[in-house]
file run.csv (CSV, C-alpha atoms)
chain,number,residue,atom,x,y,z
A,297,MET,CA,14.3,18.9,9.9
A,298,LEU,CA,17.7,18.5,8.2
A,299,SER,CA,18.0,14.9,9.6
A,300,PHE,CA,14.6,14.1,8.2
A,301,TYR,CA,15.4,15.5,4.8
A,302,THR,CA,18.8,13.7,4.6
A,303,LEU,CA,17.3,10.3,5.6
A,304,LEU,CA,14.4,10.8,3.2
A,305,CYS,CA,16.8,11.5,0.3
A,306,LYS,CA,18.8,8.4,1.3
A,307,GLU,CA,15.6,6.3,1.1
A,308,VAL,CA,14.4,7.8,-2.2
A,309,LEU,CA,17.8,7.3,-3.8
A,310,ARG,CA,17.7,3.6,-2.7
A,311,VAL,CA,14.5,3.2,-4.6
A,312,GLN,CA,16.0,4.9,-7.7
A,313,LYS,CA,19.2,2.8,-7.6
A,314,VAL,CA,17.2,-0.4,-8.1
A,315,ALA,CA,14.3,1.1,-10.1
A,316,PHE,CA,13.9,-2.1,-12.2
A,317,GLN,CA,13.0,-4.0,-9.0
A,318,THR,CA,11.2,-1.3,-7.1
A,319,LEU,CA,9.2,0.4,-9.9
A,320,LEU,CA,9.2,-1.5,-13.2
A,321,SER,CA,8.7,-5.0,-11.8
A,322,PRO,CA,5.5,-4.3,-9.8
A,323,ILE,CA,4.1,-2.4,-12.7
A,324,LEU,CA,4.6,-5.5,-15.0
A,325,THR,CA,3.1,-7.8,-12.4
A,326,ALA,CA,0.0,-5.6,-12.1
A,327,LEU,CA,-0.4,-5.5,-15.9
A,328,LEU,CA,-0.2,-9.3,-16.0
A,329,TYR,CA,-3.1,-9.5,-13.5
A,330,LEU,CA,-5.1,-7.1,-15.5
A,331,LEU,CA,-4.4,-8.9,-18.8
A,332,ILE,CA,-5.4,-12.3,-17.4
A,333,PHE,CA,-8.5,-11.3,-15.4
A,334,SER,CA,-9.9,-8.9,-17.9
A,335,HIS,CA,-9.5,-11.5,-20.7
A,336,VAL,CA,-11.3,-14.2,-18.7
A,337,LEU,CA,-14.1,-12.2,-17.0
A,338,GLU,CA,-14.7,-9.1,-19.3
A,339,GLN,CA,-17.7,-10.7,-21.0
A,340,HIS,CA,-19.1,-12.3,-17.8
A,341,VAL,CA,-19.0,-9.8,-15.0
A,342,GLU,CA,-20.6,-6.3,-14.7
A,343,VAL,CA,-20.2,-4.8,-11.2
A,344,TYR,CA,-21.5,-1.3,-11.8
A,345,PRO,CA,-24.1,-0.5,-14.5
A,346,GLY,CA,-22.5,0.5,-17.7
A,347,VAL,CA,-18.9,-0.1,-16.3
A,348,ARG,CA,-16.8,-2.7,-18.0
A,349,TYR,CA,-15.1,-5.2,-15.8
A,350,THR,CA,-11.6,-4.1,-17.0
A,351,ALA,CA,-12.4,-0.5,-16.0
A,352,PHE,CA,-13.7,-1.7,-12.6
A,353,LEU,CA,-10.5,-3.8,-12.1
A,354,ILE,CA,-8.0,-1.0,-12.8
A,355,PRO,CA,-8.5,1.0,-9.6
A,356,GLY,CA,-8.3,-2.1,-7.5
A,357,LEU,CA,-5.0,-3.2,-9.1
A,358,VAL,CA,-3.6,0.3,-8.8
A,359,MET,CA,-4.4,0.6,-5.1
A,360,MET,CA,-3.2,-3.0,-4.4
A,361,THR,CA,0.1,-2.1,-6.0
A,362,VAL,CA,0.4,1.1,-4.0
A,363,LEU,CA,-0.2,-0.7,-0.7
A,364,GLN,CA,2.1,-3.6,-1.4
A,365,ASN,CA,4.9,-1.4,-2.5
A,366,ALA,CA,4.6,1.0,0.4
A,367,PHE,CA,4.9,-1.9,2.8
A,368,ALA,CA,7.7,-3.5,0.9
A,369,ASN,CA,9.7,-0.3,0.8
A,370,SER,CA,9.9,0.5,4.5
A,371,SER,CA,10.1,-3.1,5.7
A,372,SER,CA,12.8,-4.2,3.2
A,373,SER,CA,14.9,-1.1,3.9
A,374,LEU,CA,14.9,-1.6,7.6
A,375,ILE,CA,15.6,-5.3,7.5
A,376,GLN,CA,18.5,-4.8,5.1
A,377,SER,CA,19.9,-2.0,7.3
A,378,LYS,CA,19.7,-4.3,10.3
A,379,ILE,CA,21.3,-7.3,8.6
A,380,THR,CA,24.1,-5.3,7.0
A,381,GLY,CA,24.7,-3.2,10.1
A,382,GLY,CA,24.0,0.0,8.4
A,383,ILE,CA,21.2,0.9,10.9
A,384,VAL,CA,24.0,1.7,13.4
A,385,PHE,CA,25.0,4.8,11.4
A,386,VAL,CA,21.4,6.0,11.3
A,387,LEU,CA,20.9,5.5,15.1
A,388,LEU,CA,24.2,7.2,15.9
A,389,ALA,CA,23.2,10.3,13.9
A,390,PRO,CA,21.1,13.1,15.6
A,391,VAL,CA,17.8,11.7,14.2
A,392,THR,CA,14.8,11.8,16.4
A,393,TYR,CA,12.3,8.9,16.3
A,394,TRP,CA,9.8,11.3,14.7
A,395,GLU,CA,12.2,12.1,11.9
A,396,PHE,CA,13.1,8.5,11.5
A,397,PHE,CA,9.4,7.5,11.2
A,398,LEU,CA,8.5,10.4,8.8
A,399,ALA,CA,11.4,9.7,6.5
A,400,TYR,CA,10.7,6.0,6.1
A,401,VAL,CA,7.0,6.5,5.7
A,402,THR,CA,7.3,9.5,3.3
A,403,ALA,CA,9.8,7.6,1.1
A,404,SER,CA,7.4,4.6,1.0
A,405,VAL,CA,4.5,6.8,0.1
A,406,VAL,CA,6.5,8.2,-2.7
A,407,ARG,CA,7.4,4.8,-4.0
A,408,GLY,CA,3.8,3.6,-3.7
A,409,LEU,CA,2.4,6.6,-5.5
A,410,ALA,CA,5.0,6.3,-8.3
A,411,VAL,CA,4.3,2.7,-8.9
A,412,GLY,CA,0.5,3.3,-8.7
A,413,ALA,CA,0.8,6.1,-11.3
A,414,GLY,CA,2.8,3.8,-13.5
A,415,VAL,CA,0.2,1.0,-13.3
A,416,TYR,CA,-2.6,3.5,-14.0
A,417,LEU,CA,-0.9,5.0,-17.1
A,418,ALA,CA,0.0,1.6,-18.5
A,419,ALA,CA,-3.5,0.3,-17.9
A,420,LEU,CA,-5.1,3.1,-19.9
A,421,TRP,CA,-4.3,1.0,-23.0
A,422,PHE,CA,-6.8,-1.6,-21.8
A,423,ALA,CA,-9.6,0.7,-20.5
A,424,GLN,CA,-10.1,4.3,-19.4
A,425,PRO,CA,-12.0,4.4,-16.1
A,426,PRO,CA,-13.6,7.8,-15.3
A,427,LEU,CA,-12.2,10.2,-12.7
A,428,GLN,CA,-15.2,11.4,-10.8
A,429,PHE,CA,-13.5,12.6,-7.6
A,430,PRO,CA,-9.7,12.9,-8.1
A,431,LEU,CA,-9.1,14.3,-4.6
A,432,TRP,CA,-10.7,11.2,-3.1
A,433,ILE,CA,-8.4,9.1,-5.2
A,434,LEU,CA,-5.3,11.0,-4.0
A,435,LEU,CA,-6.5,11.1,-0.4
A,436,PHE,CA,-7.0,7.3,-0.1
A,437,ALA,CA,-3.8,6.6,-2.0
A,438,VAL,CA,-1.8,8.7,0.5
A,439,LEU,CA,-3.5,7.5,3.6
A,440,GLY,CA,-3.4,3.9,2.5
A,441,SER,CA,0.3,3.9,1.6
A,442,ALA,CA,1.1,5.7,4.8
A,443,LEU,CA,-0.7,3.1,6.8
A,444,LEU,CA,1.1,0.2,5.0
A,445,ALA,CA,4.4,2.1,5.3
A,446,SER,CA,3.9,2.3,9.1
A,447,LEU,CA,3.1,-1.4,9.2
A,448,GLY,CA,6.2,-2.0,7.1
A,449,VAL,CA,8.3,-0.2,9.7
A,450,VAL,CA,6.9,-2.4,12.4
A,451,ALA,CA,7.6,-5.6,10.3
A,452,GLY,CA,11.1,-4.4,9.6
A,453,ILE,CA,11.8,-3.8,13.3
A,454,TRP,CA,10.3,-7.1,14.4
A,455,SER,CA,11.9,-9.3,11.8
A,456,GLU,CA,15.5,-10.5,12.3
A,457,LYS,CA,15.9,-12.2,8.9
A,458,PHE,CA,14.3,-12.1,5.5
A,459,ASP,CA,12.3,-15.3,6.1
A,460,GLN,CA,10.4,-13.7,8.9
A,461,LEU,CA,9.6,-10.7,6.8
A,462,ALA,CA,8.5,-12.9,3.9
A,463,GLY,CA,6.2,-14.7,6.2
A,464,PHE,CA,4.7,-11.4,7.4
A,465,GLN,CA,4.1,-10.4,3.8
A,466,ASN,CA,2.8,-13.8,2.5
A,467,PHE,CA,0.5,-14.6,5.4
A,468,ILE,CA,-0.8,-11.2,6.4
A,469,ILE,CA,-0.4,-8.6,3.7
A,470,MET,CA,-1.1,-10.7,0.6
A,471,PRO,CA,-4.2,-12.5,1.9
A,472,LEU,CA,-5.8,-9.3,3.3
A,473,THR,CA,-5.1,-7.5,0.0
A,474,PHE,CA,-6.5,-10.2,-2.3
A,475,LEU,CA,-9.6,-10.6,0.0
A,476,SER,CA,-10.3,-6.8,0.0
A,477,GLY,CA,-12.4,-6.5,-3.2
A,478,VAL,CA,-9.6,-5.9,-5.7
A,479,PHE,CA,-11.1,-8.3,-8.2
A,480,TYR,CA,-14.8,-8.2,-7.1
A,481,SER,CA,-17.5,-6.4,-5.3
A,482,ILE,CA,-18.3,-7.8,-1.8
A,483,HIS,CA,-22.0,-7.7,-2.7
A,484,SER,CA,-21.2,-10.7,-5.0
A,485,LEU,CA,-20.2,-12.7,-1.9
A,486,PRO,CA,-22.5,-14.8,0.4
A,487,ALA,CA,-23.7,-12.9,3.5
A,488,PHE,CA,-21.2,-14.4,5.8
A,489,TRP,CA,-18.2,-13.4,3.7
A,490,GLN,CA,-19.7,-10.0,3.2
A,491,GLU,CA,-19.8,-9.4,6.9
A,492,LEU,CA,-16.3,-10.8,7.3
A,493,SER,CA,-14.9,-8.5,4.7
A,494,ARG,CA,-16.1,-5.5,6.7
A,495,PHE,CA,-13.5,-6.4,9.3
A,496,ASN,CA,-10.7,-6.1,6.7
A,497,PRO,CA,-9.2,-2.6,6.7
A,498,PHE,CA,-7.8,-3.2,3.2
A,499,PHE,CA,-11.4,-3.4,1.9
A,500,TYR,CA,-12.1,0.2,3.0
A,501,MET,CA,-8.9,1.4,1.4
A,502,ILE,CA,-9.7,-0.3,-1.9
A,503,ASP,CA,-13.4,0.7,-1.8
A,504,GLY,CA,-12.8,4.3,-1.0
A,505,PHE,CA,-10.1,4.6,-3.7
A,506,ARG,CA,-12.5,3.0,-6.3
A,507,TYR,CA,-15.2,5.5,-5.2
A,508,GLY,CA,-13.0,8.3,-6.5
A,509,PHE,CA,-13.2,6.8,-10.0
A,510,PHE,CA,-16.8,5.8,-10.4
A,511,GLY,CA,-18.7,7.7,-7.7
A,512,ALA,CA,-20.0,4.3,-6.5
A,513,SER,CA,-18.8,2.0,-3.8
A,514,ASP,CA,-19.9,-0.9,-1.6
A,515,VAL,CA,-20.0,1.2,1.6
A,516,SER,CA,-20.1,4.9,2.3
A,517,PRO,CA,-16.8,6.6,1.3
A,518,TRP,CA,-17.0,8.6,4.6
A,519,LEU,CA,-17.1,5.3,6.5
A,520,SER,CA,-14.0,4.1,4.5
A,521,LEU,CA,-12.2,7.4,5.3
A,522,ALA,CA,-13.0,7.1,9.0
A,523,VAL,CA,-11.8,3.5,9.2
A,524,VAL,CA,-8.6,4.2,7.2
A,525,SER,CA,-7.8,7.3,9.1
A,526,GLY,CA,-8.4,5.6,12.4
A,527,CYS,CA,-6.2,2.7,11.5
A,528,LEU,CA,-3.4,5.0,10.3
A,529,LEU,CA,-3.5,7.0,13.6
A,530,GLY,CA,-3.4,3.8,15.6
A,531,MET,CA,-0.6,2.2,13.6
A,532,ALA,CA,1.4,5.5,13.6
A,533,GLY,CA,1.1,5.8,17.3
A,534,PHE,CA,2.2,2.1,17.9
A,535,THR,CA,5.1,2.5,15.5
A,536,LEU,CA,6.3,5.7,17.2
A,537,ALA,CA,6.1,4.0,20.6
A,538,LEU,CA,8.1,1.1,19.2
A,539,LEU,CA,10.8,3.4,17.8
A,540,LYS,CA,11.0,5.5,21.0
A,541,SER,CA,11.5,2.3,23.0
A,542,GLY,CA,14.4,1.2,20.8
A,543,TYR,CA,12.9,-2.3,20.5
A,544,LYS,CA,15.2,-4.6,18.5
A,545,LEU,CA,17.1,-1.5,17.3
A,546,ARG,CA,19.0,-0.1,20.3
A,547,LEU,CA,18.7,-3.1,22.6
call {"tool": "encode", "arguments": {"input": "run.csv", "output": "structure tokens"}}
result
Amino acid sequence: MLSFYTLLCKEVLRVQKVAFQTLLSPILTALLYLLIFSHVLEQHVEVYPGVRYTAFLIPGLVMMTVLQNAFANSSSSLIQSKITGGIVFVLLAPVTYWEFFLAYVTASVVRGLAVGAGVYLAALWFAQPPLQFPLWILLFAVLGSALLASLGVVAGIWSEKFDQLAGFQNFIIMPLTFLSGVFYSIHSLPAFWQELSRFNPFFYMIDGFRYGFFGASDVSPWLSLAVVSGCLLGMAGFTLALLKSGYKLRL
């Protein structure tokens, strides 16, 4: 696993070198969302009995930040390597596609968890949501970030320029994230939109993650775990097949 470890260190160091962009910037963005929405809706919305809206909002923002940064890490690293030609040195090295996949996904999970932890710690100044089931929180954070990291690898492989990658993020990742219940409970939606939300895998990641804080959720946490795990296995299998074929990397 020396190749995996080396590539993993390279990716983690890349995150550290531009920490202001990869770590501090998303934390600040999440805090701005928290400041604005909590100020406007704090006195008007109560999702769970006895839970302030700000406390309800914090887990959603933390998980949203984890997912977005996990995707951004693997996708941006790959597209930069392809455009600058640095991917050649990785492909020439004795790195199996399994090690390639695990290194990029693990580094993205590390970045996602680091940013999420930063957002959570900074948000404690606004409210302190309870931690009912910490293991559920960690489980959904790891599974969700791994899923988005795998999707980021696919996006990085498919994209040939930054515009395509930006389109992938703006028209797929961002809408699915914002329509996943980060800022609201789906029970507050009309029946049609409630049913439509159940086809959004991001909803199950957010809802399962929030269950770890409050012990309450819109759907069963076991259903959320099954959906997220299934999506991760499917995406990981597709990504590994793509890497093995050398699509847009070796061809």
call {"tool": "closest_residue", "arguments": {"input": "run.csv", "among": "A:Ala410, A:Leu420, A:Ile383, A:Ile375", "to": "Val450 in chain A", "atoms": "all atoms listed in the file"}}
result
A:Ile375
call {"tool": "residues_around", "arguments": {"input": "run.csv", "residues": "Ser370 in chain A", "least_positions_apart": "3", "cutoff": "8 Å", "atoms": "all atoms listed in the file", "output": "list in words"}}
result
Ala366, Phe367, Ser373, Leu374, Tyr400, Val401, Ala403, Ser404, Ala445, Ser446, Gly448, Val449 and Gly452 of chain A
call {"tool": "residues_around", "arguments": {"input": "run.csv", "residues": "Phe429 in chain A", "least_positions_apart": "6", "cutoff": "12 Å", "atoms": "all atoms listed in the file", "output": "list in words"}}
result
Leu435, Phe436, Gly504, Phe505, Arg506, Tyr507, Gly508, Phe509, Phe510, Gly511, Ala512 and Pro517 of chain A
call {"tool": "residues_around", "arguments": {"input": "run.csv", "residues": "Val386 in chain A", "least_positions_apart": "4", "cutoff": "12 Å", "atoms": "only C-alpha atoms", "output": "PyMOL selection string"}}
result
chain A and resi 299-300+302-304+306-307+374+377-378+381-382+390-393+395-396+399-400+545-546
call {"tool": "atom_distance", "arguments": {"input": "run.csv", "atom1": "CA of Ala437 in chain A", "atom2": "CA of Val478 in chain A"}}
result
14.3 Å
call {"tool": "closest_residue", "arguments": {"input": "run.csv", "among": "A:Leu485, A:Ala368, A:Leu388, A:Val311", "to": "Ile469 in chain A", "atoms": "all atoms listed in the file"}}
result
A:Ala368
call {"tool": "residues_around", "arguments": {"input": "run.csv", "residues": "Gly477 in chain A", "least_positions_apart": "5", "cutoff": "8 Å", "atoms": "only C-alpha atoms", "output": "list in words"}}
result
Gly356, Ile482, Phe499, Ile502 and Asp503 of chain A
call {"tool": "closest_residue", "arguments": {"input": "run.csv", "among": "A:Leu528, A:Gln376, A:Gln424, A:Val411", "to": "Phe458 in chain A", "atoms": "only C-alpha atoms"}}
result
A:Gln376
call {"tool": "atom_distance", "arguments": {"input": "run.csv", "atom1": "CA of Ala423 in chain A", "atom2": "CA of Arg348 in chain A"}}
result
8.3 Å
call {"tool": "closest_residue", "arguments": {"input": "run.csv", "among": "A:Ala532, A:Val415, A:Val343, A:Leu439", "to": "Leu320 in chain A", "atoms": "only C-alpha atoms"}}
result
A:Val415
call {"tool": "atom_distance", "arguments": {"input": "run.csv", "atom1": "CA of Ala537 in chain A", "atom2": "CA of Ser493 in chain A"}}
result
29.2 Å
call {"tool": "closest_residue", "arguments": {"input": "run.csv", "among": "A:Pro486, A:Gly414, A:Gln460, A:Thr350", "to": "Ser321 in chain A", "atoms": "only C-alpha atoms"}}
result
A:Gly414
call {"tool": "closest_residue", "arguments": {"input": "run.csv", "among": "A:Ala418, A:Ile332, A:Ala326, A:Ala522", "to": "Pro497 in chain A", "atoms": "all atoms listed in the file"}}
result
A:Ala522
call {"tool": "residues_around", "arguments": {"input": "run.csv", "residues": "Gln490 in chain A", "least_positions_apart": "6", "cutoff": "12 Å", "atoms": "only C-alpha atoms", "output": "ChimeraX atom specification"}}
result
/A:475-477,480-484,496,499,514-515
call {"tool": "residues_near_point", "arguments": {"input": "run.csv", "point": "(-3.4, 2.4, 11.4)", "cutoff": "12 Å", "atoms": "all atoms listed in the file", "output": "JSON, numbers by chain"}}
result
{"A": [439, 440, 441, 442, 443, 444, 445, 446, 447, 448, 450, 497, 498, 501, 521, 522, 523, 524, 525, 526, 527, 528, 529, 530, 531, 532, 533, 534, 535, 536]}
call {"tool": "write_last_selection", "arguments": {"input": "run.csv", "atoms": "C-alpha atoms", "output": "compact mmCIF listing (two decimals), keeping the file's coordinate frame"}}
result
# COMPACT_ATOMS: atom_id res chain seq x y z
CA LEU A 439 -3.50 7.50 3.60
CA GLY A 440 -3.40 3.90 2.50
CA SER A 441 0.30 3.90 1.60
CA ALA A 442 1.10 5.70 4.80
CA LEU A 443 -0.70 3.10 6.80
CA LEU A 444 1.10 0.20 5.00
CA ALA A 445 4.40 2.10 5.30
CA SER A 446 3.90 2.30 9.10
CA LEU A 447 3.10 -1.40 9.20
CA GLY A 448 6.20 -2.00 7.10
CA VAL A 450 6.90 -2.40 12.40
CA PRO A 497 -9.20 -2.60 6.70
CA PHE A 498 -7.80 -3.20 3.20
CA MET A 501 -8.90 1.40 1.40
CA LEU A 521 -12.20 7.40 5.30
CA ALA A 522 -13.00 7.10 9.00
CA VAL A 523 -11.80 3.50 9.20
CA VAL A 524 -8.60 4.20 7.20
CA SER A 525 -7.80 7.30 9.10
CA GLY A 526 -8.40 5.60 12.40
CA CYS A 527 -6.20 2.70 11.50
CA LEU A 528 -3.40 5.00 10.30
CA LEU A 529 -3.50 7.00 13.60
CA GLY A 530 -3.40 3.80 15.60
CA MET A 531 -0.60 2.20 13.60
CA ALA A 532 1.40 5.50 13.60
CA GLY A 533 1.10 5.80 17.30
CA PHE A 534 2.20 2.10 17.90
CA THR A 535 5.10 2.50 15.50
CA LEU A 536 6.30 5.70 17.20
call {"tool": "decode", "arguments": {"input": "run.csv", "residues": "range 457-522 of chain A", "atoms": "C-alpha atoms", "output": "PDB file, in the first residue's frame"}}
result
ATOM      1  CA  LYS A 457     -11.998  21.997 -18.595  1.00  0.00           C
ATOM      2  CA  PHE A 458     -13.049  23.949 -15.528  1.00  0.00           C
ATOM      3  CA  ASP A 459     -16.266  25.164 -17.159  1.00  0.00           C
ATOM      4  CA  GLN A 460     -17.571  21.623 -17.439  1.00  0.00           C
ATOM      5  CA  LEU A 461     -16.686  20.889 -13.838  1.00  0.00           C
ATOM      6  CA  ALA A 462     -18.368  24.112 -12.700  1.00  0.00           C
ATOM      7  CA  GLY A 463     -21.500  23.131 -14.620  1.00  0.00           C
ATOM      8  CA  PHE A 464     -21.491  19.737 -12.924  1.00  0.00           C
ATOM      9  CA  GLN A 465     -21.288  21.403  -9.522  1.00  0.00           C
ATOM     10  CA  ASN A 466     -23.732  24.246 -10.185  1.00  0.00           C
ATOM     11  CA  PHE A 467     -26.446  22.226 -11.940  1.00  0.00           C
ATOM     12  CA  ILE A 468     -26.232  18.911 -10.063  1.00  0.00           C
ATOM     13  CA  ILE A 469     -24.468  19.124  -6.718  1.00  0.00           C
ATOM     14  CA  MET A 470     -25.717  22.519  -5.567  1.00  0.00           C
ATOM     15  CA  PRO A 471     -29.451  22.031  -6.378  1.00  0.00           C
ATOM     16  CA  LEU A 472     -29.549  18.526  -4.865  1.00  0.00           C
ATOM     17  CA  THR A 473     -27.829  19.816  -1.729  1.00  0.00           C
ATOM     18  CA  PHE A 474     -30.109  22.816  -1.223  1.00  0.00           C
ATOM     19  CA  LEU A 475     -33.233  20.730  -1.903  1.00  0.00           C
ATOM     20  CA  SER A 476     -32.276  18.029   0.594  1.00  0.00           C
ATOM     21  CA  GLY A 477     -33.696  19.524   3.781  1.00  0.00           C
ATOM     22  CA  VAL A 478     -30.681  21.503   4.931  1.00  0.00           C
ATOM     23  CA  PHE A 479     -32.819  24.525   5.815  1.00  0.00           C
ATOM     24  CA  TYR A 480     -36.177  22.830   6.453  1.00  0.00           C
ATOM     25  CA  SER A 481     -37.989  19.592   7.225  1.00  0.00           C
ATOM     26  CA  ILE A 482     -39.616  17.945   4.214  1.00  0.00           C
ATOM     27  CA  HIS A 483     -42.817  17.614   6.286  1.00  0.00           C
ATOM     28  CA  SER A 484     -43.252  21.359   5.813  1.00  0.00           C
ATOM     29  CA  LEU A 485     -43.512  20.843   2.036  1.00  0.00           C
ATOM     30  CA  PRO A 486     -46.623  20.054  -0.029  1.00  0.00           C
ATOM     31  CA  ALA A 487     -47.247  16.333  -0.598  1.00  0.00           C
ATOM     32  CA  PHE A 488     -45.859  16.358  -4.148  1.00  0.00           C
ATOM     33  CA  TRP A 489     -42.549  17.903  -3.106  1.00  0.00           C
ATOM     34  CA  GLN A 490     -42.302  15.590  -0.109  1.00  0.00           C
ATOM     35  CA  GLU A 491     -42.477  12.561  -2.383  1.00  0.00           C
ATOM     36  CA  LEU A 492     -40.052  14.110  -4.845  1.00  0.00           C
ATOM     37  CA  SER A 493     -37.555  14.759  -2.041  1.00  0.00           C
ATOM     38  CA  ARG A 494     -37.483  11.035  -1.285  1.00  0.00           C
ATOM     39  CA  PHE A 495     -35.773  10.446  -4.635  1.00  0.00           C
ATOM     40  CA  ASN A 496     -32.918  12.768  -3.637  1.00  0.00           C
ATOM     41  CA  PRO A 497     -30.046  10.785  -2.048  1.00  0.00           C
ATOM     42  CA  PHE A 498     -28.739  13.990  -0.468  1.00  0.00           C
ATOM     43  CA  PHE A 499     -31.911  14.122   1.633  1.00  0.00           C
ATOM     44  CA  TYR A 500     -31.075  10.787   3.262  1.00  0.00           C
ATOM     45  CA  MET A 501     -27.516  11.911   4.012  1.00  0.00           C
ATOM     46  CA  ILE A 502     -28.721  15.122   5.657  1.00  0.00           C
ATOM     47  CA  ASP A 503     -31.606  13.487   7.511  1.00  0.00           C
ATOM     48  CA  GLY A 504     -29.535  10.591   8.848  1.00  0.00           C
ATOM     49  CA  PHE A 505     -26.791  12.957   9.942  1.00  0.00           C
ATOM     50  CA  ARG A 506     -29.290  15.201  11.745  1.00  0.00           C
ATOM     51  CA  TYR A 507     -30.780  12.158  13.501  1.00  0.00           C
ATOM     52  CA  GLY A 508     -27.455  11.699  15.287  1.00  0.00           C
ATOM     53  CA  PHE A 509     -27.924  15.105  16.918  1.00  0.00           C
ATOM     54  CA  PHE A 510     -31.589  15.130  17.909  1.00  0.00           C
ATOM     55  CA  GLY A 511     -32.705  11.496  17.809  1.00  0.00           C
ATOM     56  CA  ALA A 512     -35.480  12.656  15.469  1.00  0.00           C
ATOM     57  CA  SER A 513     -35.677  12.582  11.686  1.00  0.00           C
ATOM     58  CA  ASP A 514     -38.094  12.807   8.785  1.00  0.00           C
ATOM     59  CA  VAL A 515     -37.578   9.140   7.817  1.00  0.00           C
ATOM     60  CA  SER A 516     -36.129   6.124   9.586  1.00  0.00           C
ATOM     61  CA  PRO A 517     -32.341   6.451  10.063  1.00  0.00           C
ATOM     62  CA  TRP A 518     -31.994   2.810   9.019  1.00  0.00           C
ATOM     63  CA  LEU A 519     -33.653   3.613   5.700  1.00  0.00           C
ATOM     64  CA  SER A 520     -31.283   6.565   5.286  1.00  0.00           C
ATOM     65  CA  LEU A 521     -28.322   4.317   6.087  1.00  0.00           C
ATOM     66  CA  ALA A 522     -29.464   1.714   3.550  1.00  0.00           C
TER      67      ALA A 522
END
